[in-house]
Amino acid sequence: MRWQKPWLPWLYLAPALLIVAAYLVYPTVETIRLSFYDARGTTFVGWENYRWVFTARPMRIAFRNNLLWIVFFTSATVSLGLVLAVMADRVGYEKWFKSAVFLPMAISFAGAGVIWLFMYAYRPPQAPQIGLLNAILVDVFDARPIAWLTDRRINNFALIAVGVWIWTGFCLVILSAAYKGIPRELLEAARVDGATEWQIFWRIILPLMKPTLAVVTTTMIINVLKVFDIVYVMTNGNYDTEVIANRMYKEMFHFRNFGRASAIAVVLLLAILPVMLVNMGRFMEGGRE
Amino acid sequence: MVRRLSAARLLLHGVLISVALIWLTPTVGLLVSSFRPRDAVLSSGWWTVFAHFWDLRQFTLQNYVEILTAQGMARAFRNSLIITIPSTVIPIAVAALAAYAFAWMDFPGRRFLFGLLVGLMIVPLQMTLIPLLRVYNRLGLAGTFVGIWLAHTGYGLPFAIYLLRNFFAALPRDLFESAYLDGASQWTAFWRLALPLSTPALASLAIFQFLWVWNDLLVALIYLGGTEDVAPLTVKLTGLVNSLGQNWHLLTAAAFVTMALPLVVFLTLQRYFVRGILAGSIKG
């Protein structure tokens, strides 16, 4: 609309542009530069930091774990969210059910970490178990208690379970909204034609929900690539539970190696970039009504 | 219509109720334990209180008294408020101004700039930490509230501008035309029209940003460090995990203190809360 002096818009934009330039644009460029420099950011070292990122043992473990997170966390949250959305739609207490599952989203990851440290608490076999999971193992199944967070065969999955506990509600709420958008007549018509509930789920519901499922899935993958708090609070990456973001924090704060930490950040950005572009593309399409 | 309670429906109820219970149990366990005395917490599971739940002598407030005073959680709570309120208000105010310009003003490069800003949502926080910390150390902003307010403003802006611009742009054009004909200035149109009409969007955004900052650990760890005088609840709590070790009676109480305010927001403003979280899901 033209009822303005030409400089007026820039007055409105100035604070935002200044802050974004200082807090997002400048640091991003600078981090890319630093990733080619040594620990203190003074000597140019070429690709050395990237060579380290892709070969060092802690990084190999971190990549492996982030991959585990991507596969198990994403499939668990999305499929649980979907199945629960379809199931909850058929009962009268749906709202309450969704609130119960969504509740952990209100809690900080640090708080959730403490909640689950307590759930996973481990005592030697003779002592009374005060962690619920080991108490069930010992008192109900008469089995040996498990050191959930230090046993290397299981600890990554124990951490992933915490993530699933937090994020399933998020998937549930979004997928439930999409499910309610499917015209009921379509499902009724299929039922009249004699389709089983199972067929209806696979042949009608699933294909119609594909776009929403894609958004939820990519969102979960981005979450997982950046997962930090849960690991930092519960194991700090010890016992082979390291993840990329926690390793970056360690390189930055404990080892003061800004070159390596920057290279990790750049790799993280490159991993997120394609997923995020797909996600934003879909979102822009959806947001244009 | 009378529904027969068939085997299938029984299974449906069984699964849903079990899932709801499984999801609530960890939080209930934490809450119960935070009210039990030390010796009880260390010698028996929290679920044993349900054997004689109404025997109130098995509960105590002592844990809360100790963590709030001796362990400094009260100060951390105050710090969290000092950090979170400006970190919510400043980015929304700055974003609203910019979003208004993007929605209702003409200037060269409007589409390009907006695309660039929204594109910055892609940048993960991690890309910004090292250079900003170096600058902060030089300027003496590390470990200050001003420093973290500005950092959260920077991180929150792209998403806030994106959300508010789309909301402003969807307002009816006639409103702004007639305001112009009545001789209103841009400022009046922004302050008297755009903002009041966008209350739902502003509320969702405010709740999202408030929770994001309140629950943030990484940004606070980086820019505030471990300093007691400025550490928010999340940082304080992670510190206690290391220093208190197996003192579960205190850890559980401390964790509940960090969760209390978000839970109240969740239970009272659930609609905006869910909307804000969903809208924020695309934030990088």
# chains A, B, ... in the order shown; residues from 1 in each chain; ligands from 1
call {"tool": "residues_around", "arguments": {"residues": "region 222-235 of chain B", "least_positions_apart": "6", "cutoff": "8 Å", "atoms": "only C-alpha atoms", "output": "number ranges by chain"}}
result
A: 108, 110-111; B: 73, 75-80, 83, 129, 133, 136, 142-145, 147-148, 214-216, 258
call {"tool": "select_by_dssp", "arguments": {"residues": "region 132-223 of chain A", "states": "alpha helix (DSSP H)", "output": "ChimeraX atom specification"}}
result
/A:132-135,155-180,184-192,197-200,206-208,210-223
call {"tool": "write_last_selection", "arguments": {"atoms": "C-alpha atoms", "output": "CSV table (one decimal), in the first residue's frame"}}
result
chain,number,residue,atom,x,y,z
A,132,LEU,CA,10.1,-49.0,38.4
A,133,LEU,CA,11.5,-50.9,35.4
A,134,ASN,CA,14.0,-52.9,37.4
A,135,ALA,CA,11.4,-53.5,40.2
A,155,ASN,CA,21.5,-48.1,26.6
A,156,ASN,CA,21.0,-46.4,23.3
A,157,PHE,CA,17.5,-47.9,23.1
A,158,ALA,CA,16.8,-46.8,26.7
A,159,LEU,CA,17.6,-43.2,25.6
A,160,ILE,CA,15.6,-43.5,22.4
A,161,ALA,CA,12.6,-44.6,24.5
A,162,VAL,CA,12.7,-41.4,26.4
A,163,GLY,CA,12.6,-39.5,23.2
A,164,VAL,CA,9.6,-41.5,22.0
A,165,TRP,CA,7.9,-40.8,25.3
A,166,ILE,CA,8.3,-37.1,24.8
A,167,TRP,CA,7.5,-36.8,21.1
A,168,THR,CA,4.7,-39.4,20.4
A,169,GLY,CA,2.1,-37.0,21.6
A,170,PHE,CA,3.2,-34.4,19.1
A,171,CYS,CA,2.8,-37.0,16.2
A,172,LEU,CA,-0.5,-38.1,17.7
A,173,VAL,CA,-2.0,-34.6,17.7
A,174,ILE,CA,-1.0,-33.7,14.2
A,175,LEU,CA,-1.9,-37.1,12.7
A,176,SER,CA,-5.2,-37.1,14.5
A,177,ALA,CA,-6.1,-33.8,12.9
A,178,ALA,CA,-5.2,-35.2,9.5
A,179,TYR,CA,-7.2,-38.3,10.2
A,180,LYS,CA,-10.3,-36.3,11.1
A,184,ARG,CA,-16.3,-40.1,6.8
A,185,GLU,CA,-18.5,-41.1,3.7
A,186,LEU,CA,-15.4,-42.6,2.1
A,187,LEU,CA,-14.8,-44.9,5.0
A,188,GLU,CA,-18.5,-45.8,5.3
A,189,ALA,CA,-18.7,-46.6,1.6
A,190,ALA,CA,-15.7,-48.9,1.9
A,191,ARG,CA,-17.4,-50.6,4.9
A,192,VAL,CA,-20.6,-51.0,3.0
A,197,GLU,CA,-11.0,-52.4,9.0
A,198,TRP,CA,-7.5,-53.7,8.2
A,199,GLN,CA,-8.0,-53.1,4.4
A,200,ILE,CA,-9.5,-49.7,5.0
A,206,LEU,CA,-2.7,-44.5,4.9
A,207,PRO,CA,-2.6,-43.2,1.3
A,208,LEU,CA,-4.8,-40.2,2.2
A,210,LYS,CA,0.7,-39.5,3.2
A,211,PRO,CA,1.4,-35.8,3.0
A,212,THR,CA,0.9,-35.3,6.7
A,213,LEU,CA,2.9,-38.4,7.5
A,214,ALA,CA,5.8,-37.0,5.4
A,215,VAL,CA,5.8,-33.7,7.3
A,216,VAL,CA,5.7,-35.5,10.7
A,217,THR,CA,8.4,-37.9,9.6
A,218,THR,CA,10.8,-35.2,8.4
A,219,THR,CA,10.1,-33.1,11.5
A,220,MET,CA,11.1,-36.1,13.7
A,221,ILE,CA,14.3,-36.7,11.6
A,222,ILE,CA,15.3,-33.1,12.1
A,223,ASN,CA,14.7,-33.4,15.8
call {"tool": "closest_atom_pairs", "arguments": {"of": "chain A", "to": "chain B", "cutoff": "7 Å", "atoms": "only C-alpha atoms", "output": "tab-separated table"}}
result
residue	atom	partner	partner_atom	distance
A:Met1	CA	B:Met105	CA	5.5
A:Arg2	CA	B:Asp106	CA	6.7
A:Pro9	CA	B:Ala101	CA	5.6
A:Tyr12	CA	B:Leu97	CA	5.2
A:Leu13	CA	B:Ala98	CA	4.6
A:Pro15	CA	B:Val94	CA	6.3
A:Ala16	CA	B:Val94	CA	5.8
A:Ile19	CA	B:Gly154	CA	5.7
A:Val20	CA	B:Gly154	CA	5.6
A:Tyr23	CA	B:Gly154	CA	5.3
A:Leu24	CA	B:Thr128	CA	6.4
A:Pro27	CA	B:Thr128	CA	4.7
A:Thr28	CA	B:Met127	CA	5.5
A:Glu30	CA	B:Pro131	CA	6.3
A:Thr31	CA	B:Met127	CA	6.2
A:Met87	CA	B:Leu12	CA	6.9
A:Phe97	CA	B:Ala20	CA	6.1
A:Ala100	CA	B:Ala20	CA	5.8
A:Val101	CA	B:Trp23	CA	5.9
A:Ala106	CA	B:Pro262	CA	5.6
A:Ile107	CA	B:Met259	CA	5.6
A:Ser108	CA	B:Asn215	CA	4.4
A:Ala110	CA	B:Thr234	CA	6.1
A:Gly111	CA	B:Ala255	CA	5.3
A:Val114	CA	B:Ala255	CA	6.6
A:Ile115	CA	B:Leu30	CA	6.0
A:Met119	CA	B:Pro26	CA	6.7
A:Pro128	CA	B:Ser44	CA	6.4
A:Gln129	CA	B:Gly45	CA	6.7
A:Ile130	CA	B:Gly45	CA	4.3
A:Gly131	CA	B:Gly45	CA	6.8
A:Trp165	CA	B:Trp23	CA	7.0
A:Thr219	CA	B:Ser281	CA	6.9
A:Asp229	CA	B:Leu217	CA	6.8
A:Val233	CA	B:Thr238	CA	6.0
A:Phe258	CA	B:Ile130	CA	6.9
A:Ala265	CA	B:Met127	CA	5.3
A:Val266	CA	B:Met127	CA	6.7
A:Leu269	CA	B:Pro124	CA	6.3
A:Leu273	CA	B:Ile122	CA	6.6
A:Met276	CA	B:Ile122	CA	6.3
call {"tool": "closest_residue", "arguments": {"among": "A:Ile204, A:Val278, A:Ala62, A:Ile70", "to": "Val231 (chain A)", "atoms": "only C-alpha atoms"}}
result
A:Ala62
call {"tool": "closest_residue", "arguments": {"among": "B:Phe35, B:Phe50, B:Phe208, B:Phe159", "to": "Gln62 (chain B)", "atoms": "only C-alpha atoms"}}
result
B:Phe35
